[in-house]
Amino acid sequence: MRATTADREQSAIYTYLICLAAWAIPGAGHLLLGRVQKGVTFLVTLTLMFAFGLWLQGRLFPIELSQPLVALAALADLGIGIPFFIARAMGAGAGRVVALTYEYGNAFLIVAGLMNMLVVLDAFDIAQGRK
Amino acid sequence: MTSHAGLMVVFAFFVSVVFGTLMRDEPREQFRFGARLFAAFVVGGIALGWLLYPLPL
């Protein structure tokens, strides 16, 4: 009985570690689970989409609780994981409101983050044995 | 490239690749689903653009 509980705890920790990796590096969860083709596709596509959003002068929104829509956009941006922090550290993602492509850039950045959240959920399902 | 239509096509491409890969397991099925999704995005976007063309009246 004890062994079963320990196994379950270990399995839960493994699942959450997979999810953490999947969030931090797009596609890493699938790569760790042996789904190499899917993992590489997510890694390349989501990273490119995020970089494209930065190139279009989109903004990486700060978490401002006084402005709920900005805070939600920031949460979506954070969905991409480590690339968000790398971009911030490099001074990218300041966003130029007067740029013609500003809103397009925001759409690319936000959707890349949201799609990575879906990828994390997919990795969770695979780790749980549902897929 | 940075025109509205050009960016819509690029956006549709990225989203179709991710959803095609996410929703199907076999590479052939992924490609077919992604291509259908891409076509739906682009054709739908152009159709919606023309529908909204007369607005504001």
# chains A, B, ... in the order shown; residues from 1 in each chain; ligands from 1
>>> residues_around(residues="A:Phe52", least_positions_apart="2", cutoff="10 Å", atoms="only C-alpha atoms", output="ChimeraX atom specification")
/A:46-50,54-58,104-105,108-109,112 /B:10-11
>>> interface_residues(of="chain A", to="chain B", cutoff="7 Å", atoms="only C-alpha atoms", output="list in words")
Lys38, Phe42, Thr45 and Met49 of chain A
>>> residues_around(residues="B:Arg36", least_positions_apart="2", cutoff="12 Å", atoms="only C-alpha atoms", output="PyMOL selection string")
chain B and resi 12-13+15-17+19-20+29-34+38-44
>>> write_last_selection(atoms="N, CA and C atoms", output="tab-separated table (two decimals), in the first residue's frame")
chain	number	residue	atom	x	y	z
B	12	ALA	N	-1.77	32.74	-39.89
B	12	ALA	CA	-2.53	31.52	-40.19
B	12	ALA	C	-1.60	30.33	-40.31
B	13	PHE	N	-0.43	30.54	-40.91
B	13	PHE	CA	0.54	29.45	-41.08
B	13	PHE	C	1.00	28.92	-39.71
B	15	VAL	N	-0.36	29.24	-36.70
B	15	VAL	CA	-1.45	28.64	-35.92
B	15	VAL	C	-1.84	27.28	-36.51
B	16	SER	N	-1.86	27.18	-37.85
B	16	SER	CA	-2.22	25.91	-38.49
B	16	SER	C	-1.19	24.82	-38.20
B	17	VAL	N	0.09	25.20	-38.22
B	17	VAL	CA	1.14	24.21	-37.93
B	17	VAL	C	0.98	23.67	-36.51
B	19	PHE	N	-1.72	23.76	-34.44
B	19	PHE	CA	-2.95	23.00	-34.21
B	19	PHE	C	-2.95	21.68	-34.98
B	20	GLY	N	-2.39	21.68	-36.18
B	20	GLY	CA	-2.28	20.44	-36.94
B	20	GLY	C	-1.45	19.41	-36.19
B	29	GLU	N	-1.67	12.96	-41.47
B	29	GLU	CA	-2.93	13.54	-40.97
B	29	GLU	C	-2.69	14.97	-40.47
B	30	GLN	N	-1.54	15.17	-39.83
B	30	GLN	CA	-1.19	16.51	-39.33
B	30	GLN	C	-1.12	17.49	-40.49
B	31	PHE	N	-0.48	17.04	-41.59
B	31	PHE	CA	-0.33	17.91	-42.75
B	31	PHE	C	-1.68	18.24	-43.35
B	32	ARG	N	-2.52	17.22	-43.50
B	32	ARG	CA	-3.85	17.43	-44.11
B	32	ARG	C	-4.71	18.35	-43.26
B	33	PHE	N	-4.72	18.11	-41.95
B	33	PHE	CA	-5.54	18.94	-41.06
B	33	PHE	C	-5.01	20.38	-41.03
B	34	GLY	N	-3.66	20.50	-40.96
B	34	GLY	CA	-3.05	21.83	-40.94
B	34	GLY	C	-3.33	22.60	-42.23
B	38	PHE	N	-5.33	26.03	-42.53
B	38	PHE	CA	-4.69	27.20	-43.14
B	38	PHE	C	-5.59	27.79	-44.23
B	39	ALA	N	-6.12	26.91	-45.08
B	39	ALA	CA	-7.01	27.37	-46.16
B	39	ALA	C	-8.24	28.05	-45.57
B	40	ALA	N	-8.80	27.46	-44.51
B	40	ALA	CA	-10.01	28.03	-43.89
B	40	ALA	C	-9.71	29.41	-43.30
B	41	PHE	N	-8.54	29.54	-42.68
B	41	PHE	CA	-8.16	30.84	-42.10
B	41	PHE	C	-8.05	31.91	-43.19
B	42	VAL	N	-7.32	31.58	-44.25
B	42	VAL	CA	-7.04	32.57	-45.30
B	42	VAL	C	-8.32	32.91	-46.07
B	43	VAL	N	-9.04	31.88	-46.52
B	43	VAL	CA	-10.28	32.12	-47.28
B	43	VAL	C	-11.30	32.83	-46.39
B	44	GLY	N	-11.43	32.39	-45.15
B	44	GLY	CA	-12.37	33.02	-44.21
B	44	GLY	C	-12.02	34.48	-43.95
>>> closest_residue(among="A:Ala94, A:Ala22, A:Val70, A:Phe85", to="A:Val40", atoms="only C-alpha atoms")
A:Ala22
